[in-house]
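File shown here: final02.cif, holding mmCIF, C-alpha atoms, pLDDT in the B column; chains and numbers go by the auth columns.
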```
data_run
loop_
_atom_site.group_PDB
_atom_site.id
_atom_site.type_symbol
_atom_site.label_atom_id
_atom_site.label_comp_id
_atom_site.label_asym_id
_atom_site.label_seq_id
_atom_site.Cartn_x
_atom_site.Cartn_y
_atom_site.Cartn_z
_atom_site.B_iso_or_equiv
_atom_site.auth_seq_id
_atom_site.auth_asym_id
ATOM 1 C CA ILE A 1 244.094 321.325 204.292 47.00 1 A
ATOM 2 C CA ASN A 2 246.568 320.683 201.502 64.00 2 A
ATOM 3 C CA ALA A 3 247.311 322.710 198.397 64.00 3 A
ATOM 4 C CA PHE A 4 246.815 320.704 195.234 65.00 4 A
ATOM 5 C CA SER A 5 247.904 320.890 191.611 66.00 5 A
ATOM 6 C CA HIS A 6 246.595 318.797 188.713 65.00 6 A
ATOM 7 C CA LYS A 7 247.417 319.507 185.069 72.00 7 A
ATOM 8 C CA GLY A 8 248.080 323.161 185.838 74.00 8 A
ATOM 9 C CA LEU A 9 244.983 323.622 188.019 76.00 9 A
ATOM 10 C CA LYS A 10 245.458 324.588 191.663 78.00 10 A
ATOM 11 C CA GLY A 11 243.177 324.173 194.640 81.00 11 A
ATOM 12 C CA ILE A 12 242.623 322.894 198.172 85.00 12 A
ATOM 13 C CA ILE A 13 241.808 319.344 199.257 87.00 13 A
ATOM 14 C CA LYS A 14 238.429 319.587 201.015 92.00 14 A
ATOM 15 C CA TYR A 15 237.439 315.908 201.358 94.00 15 A
ATOM 16 C CA ALA A 16 239.134 312.509 201.460 93.00 16 A
ATOM 17 C CA GLY A 17 237.328 309.197 201.774 95.00 17 A
ATOM 18 C CA LYS A 18 234.689 307.069 200.089 96.00 18 A
ATOM 19 C CA VAL A 19 232.258 308.527 197.538 95.00 19 A
ATOM 20 C CA ASP A 20 229.057 306.666 196.669 92.00 20 A
ATOM 21 C CA GLY A 21 229.270 305.284 193.144 91.00 21 A
ATOM 22 C CA LEU A 22 233.044 305.705 192.781 92.00 22 A
ATOM 23 C CA VAL A 23 235.620 302.986 193.368 92.00 23 A
ATOM 24 C CA GLY A 24 238.409 303.399 195.928 93.00 24 A
ATOM 25 C CA ASP A 25 239.404 306.284 198.151 93.00 25 A
ATOM 26 C CA ILE A 26 238.483 309.644 196.644 94.00 26 A
ATOM 27 C CA VAL A 27 239.809 313.174 197.148 91.00 27 A
ATOM 28 C CA GLY A 28 237.482 316.160 196.719 92.00 28 A
ATOM 29 C CA ILE A 29 239.192 319.371 195.640 90.00 29 A
ATOM 30 C CA GLU A 30 238.068 322.992 195.513 92.00 30 A
ATOM 31 C CA LEU A 31 239.852 324.567 192.542 89.00 31 A
ATOM 32 C CA GLU A 32 240.996 328.201 192.438 88.00 32 A
ATOM 33 C CA GLU A 33 239.462 328.616 188.955 91.00 33 A
ATOM 34 C CA SER A 34 236.061 327.509 187.662 94.00 34 A
ATOM 35 C CA LYS A 35 237.444 324.571 185.694 93.00 35 A
ATOM 36 C CA GLY A 36 235.948 321.756 187.754 93.00 36 A
ATOM 37 C CA ASP A 37 232.796 319.767 187.153 94.00 37 A
ATOM 38 C CA CYS A 38 230.789 320.147 190.381 96.00 38 A
ATOM 39 C CA ASN A 39 230.188 322.077 193.614 97.00 39 A
ATOM 40 C CA GLY A 40 231.354 319.340 195.999 97.00 40 A
ATOM 41 C CA GLU A 41 228.243 317.251 195.461 97.00 41 A
ATOM 42 C CA TRP A 42 228.228 313.815 193.814 95.00 42 A
ATOM 43 C CA ASN A 43 225.050 311.861 192.974 94.00 43 A
ATOM 44 C CA GLY A 44 222.958 314.090 195.265 95.00 44 A
ATOM 45 C CA VAL A 45 225.317 313.791 198.265 96.00 45 A
ATOM 46 C CA GLU A 46 227.308 316.823 199.452 97.00 46 A
ATOM 47 C CA TYR A 47 230.878 315.838 200.385 97.00 47 A
ATOM 48 C CA PHE A 48 232.178 319.421 200.635 97.00 48 A
ATOM 49 C CA LYS A 49 230.984 322.917 199.666 97.00 49 A
ATOM 50 C CA CYS A 50 232.370 325.164 196.945 97.00 50 A
ATOM 51 C CA GLU A 51 231.131 327.304 194.078 97.00 51 A
ATOM 52 C CA GLU A 52 229.605 325.464 191.124 97.00 52 A
ATOM 53 C CA GLY A 53 232.331 324.501 188.660 97.00 53 A
ATOM 54 C CA LYS A 54 235.143 324.722 191.202 96.00 54 A
ATOM 55 C CA GLY A 55 234.795 321.178 192.561 96.00 55 A
ATOM 56 C CA LEU A 56 236.699 318.132 191.346 92.00 56 A
ATOM 57 C CA PHE A 57 236.841 314.506 192.560 93.00 57 A
ATOM 58 C CA LEU A 58 239.927 312.365 191.910 88.00 58 A
ATOM 59 C CA ARG A 59 241.082 308.947 193.068 88.00 59 A
ATOM 60 C CA ALA A 60 243.438 309.272 196.046 82.00 60 A
ATOM 61 C CA THR A 61 246.025 307.264 194.096 77.00 61 A
ATOM 62 C CA GLN A 62 246.295 310.221 191.682 77.00 62 A
ATOM 63 C CA VAL A 63 247.482 312.559 194.470 68.00 63 A
ATOM 64 C CA LYS A 64 251.124 312.764 195.561 54.00 64 A
ATOM 65 C CA ILE A 65 252.942 314.976 198.055 52.00 65 A
ATOM 66 C CA LEU A 66 255.456 317.259 196.346 43.00 66 A
ATOM 67 C CA LYS A 67 259.088 317.331 197.439 43.00 67 A
ATOM 68 C CA ASP A 68 260.055 319.896 200.103 43.00 68 A
ATOM 69 C CA GLU A 69 262.047 322.007 197.636 37.00 69 A
ATOM 70 C CA GLU A 70 258.893 322.458 195.524 46.00 70 A
ATOM 71 C CA GLU A 71 256.980 323.660 198.602 43.00 71 A
ATOM 72 C CA THR A 72 259.553 326.380 199.289 34.00 72 A
ATOM 73 C CA LYS A 73 258.895 328.019 195.906 45.00 73 A
ATOM 74 C CA SER A 74 255.794 329.678 197.389 43.00 74 A
ATOM 75 C CA PRO A 75 256.877 332.235 200.026 39.00 75 A
ATOM 76 C CA THR A 76 253.330 332.685 201.372 40.00 76 A
ATOM 77 C CA LYS A 77 252.907 329.001 202.150 40.00 77 A
ATOM 78 C CA LYS A 78 252.899 327.970 205.817 37.00 78 A
ATOM 79 C CA ALA A 79 255.817 325.768 206.824 35.00 79 A
ATOM 80 C CA ASP A 80 253.553 322.939 207.980 37.00 80 A
ATOM 81 C CA ALA A 81 251.350 322.914 204.856 38.00 81 A
ATOM 82 C CA LYS A 82 251.769 319.995 202.488 39.00 82 A
ATOM 83 C CA GLU A 83 251.377 320.450 198.753 40.00 83 A
ATOM 84 C CA THR A 84 250.146 317.634 196.569 40.00 84 A
ATOM 85 C CA LYS A 85 250.139 316.940 192.865 42.00 85 A
ATOM 86 C CA ALA A 86 248.138 314.465 190.825 44.00 86 A
ATOM 87 C CA ASP A 87 249.723 312.033 188.435 41.00 87 A
ATOM 88 C CA GLU A 88 249.233 313.259 184.920 41.00 88 A
ATOM 89 C CA THR A 89 249.156 309.704 183.599 36.00 89 A
#
```

What do you get writing this file as structure tokens?
Amino acid sequence: INAFSHKGLKGIIKYAGKVDGLVGDIVGIELEESKGDCNGEWNGVEYFKCEEGKGLFLRATQVKILKDEEETKSPTKKADAKETKADET
């Protein structure tokens, strides 16, 4: 499970793979705040579970691993956890 940040939103990566109706490899994210657009379901298929409005699907190409020095800014983070960030382009 990887921490995730996208345009100021934070969450956990809950799914990675193909999603019916979307092109390419997709990442499903459970956001900390209710600023998403789903509950982990897409076109009637459940890819992961979360509260309504906390789910978000992005193309895997939008997700990048942050540099190690950025990971150390959070003292509660486990040493083996990887943090990711989406391109804001």

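Take the candidates A:Val45, A:Leu56, A:Val23, A:Cys38 and check each one against Gly11 of chain A using only C-alpha atoms; the shortest distance goes to A:Leu56.
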
Among A:Gln62, A:Gly44, A:Lys7, A:Gly53, Val19 of chain A is approached most closely, using all atoms listed in the file, by A:Gly44

re atom CA of Glu32 of chain A and atom CA of Lys10 of chain A: distance 5.8 Å

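With distances restricted to only C-alpha atoms, A:Gly28 is the closest residue to Tyr15 of chain A from A:Lys49, A:Gly28, A:Glu33, A:Leu58.
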
Can you spell out as a PyMOL selection string the set of residues that the PyMOL selection byres ((chain A and resi 51) around 9) selects in the structure I just provided?
chain A and resi 30+34+38-40+49-50+52-55

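Counting all atoms listed in the file, the residue from A:Gly8, A:Gly21, A:Val27, A:Lys35 that sits nearest to Tyr47 of chain A is A:Val27.
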
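Here atom CA of Phe57 of chain A and atom CA of Ala16 of chain A stand 9.4 Å from one another.
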
Atom CA of Arg59 of chain A sits from atom CA of Leu22 of chain A at a separation of 8.7 Å

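Shortest atom-to-atom contact with Ala60 of chain A among A:Trp42, A:Ile12, A:Leu31, A:Ile26: A:Ile26, counting only C-alpha atoms.
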
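Minimum distance to Thr61 of chain A across A:Gly36, A:Glu46, A:Gly17, A:Glu41 (counting all atoms listed in the file) occurs at A:Gly17.
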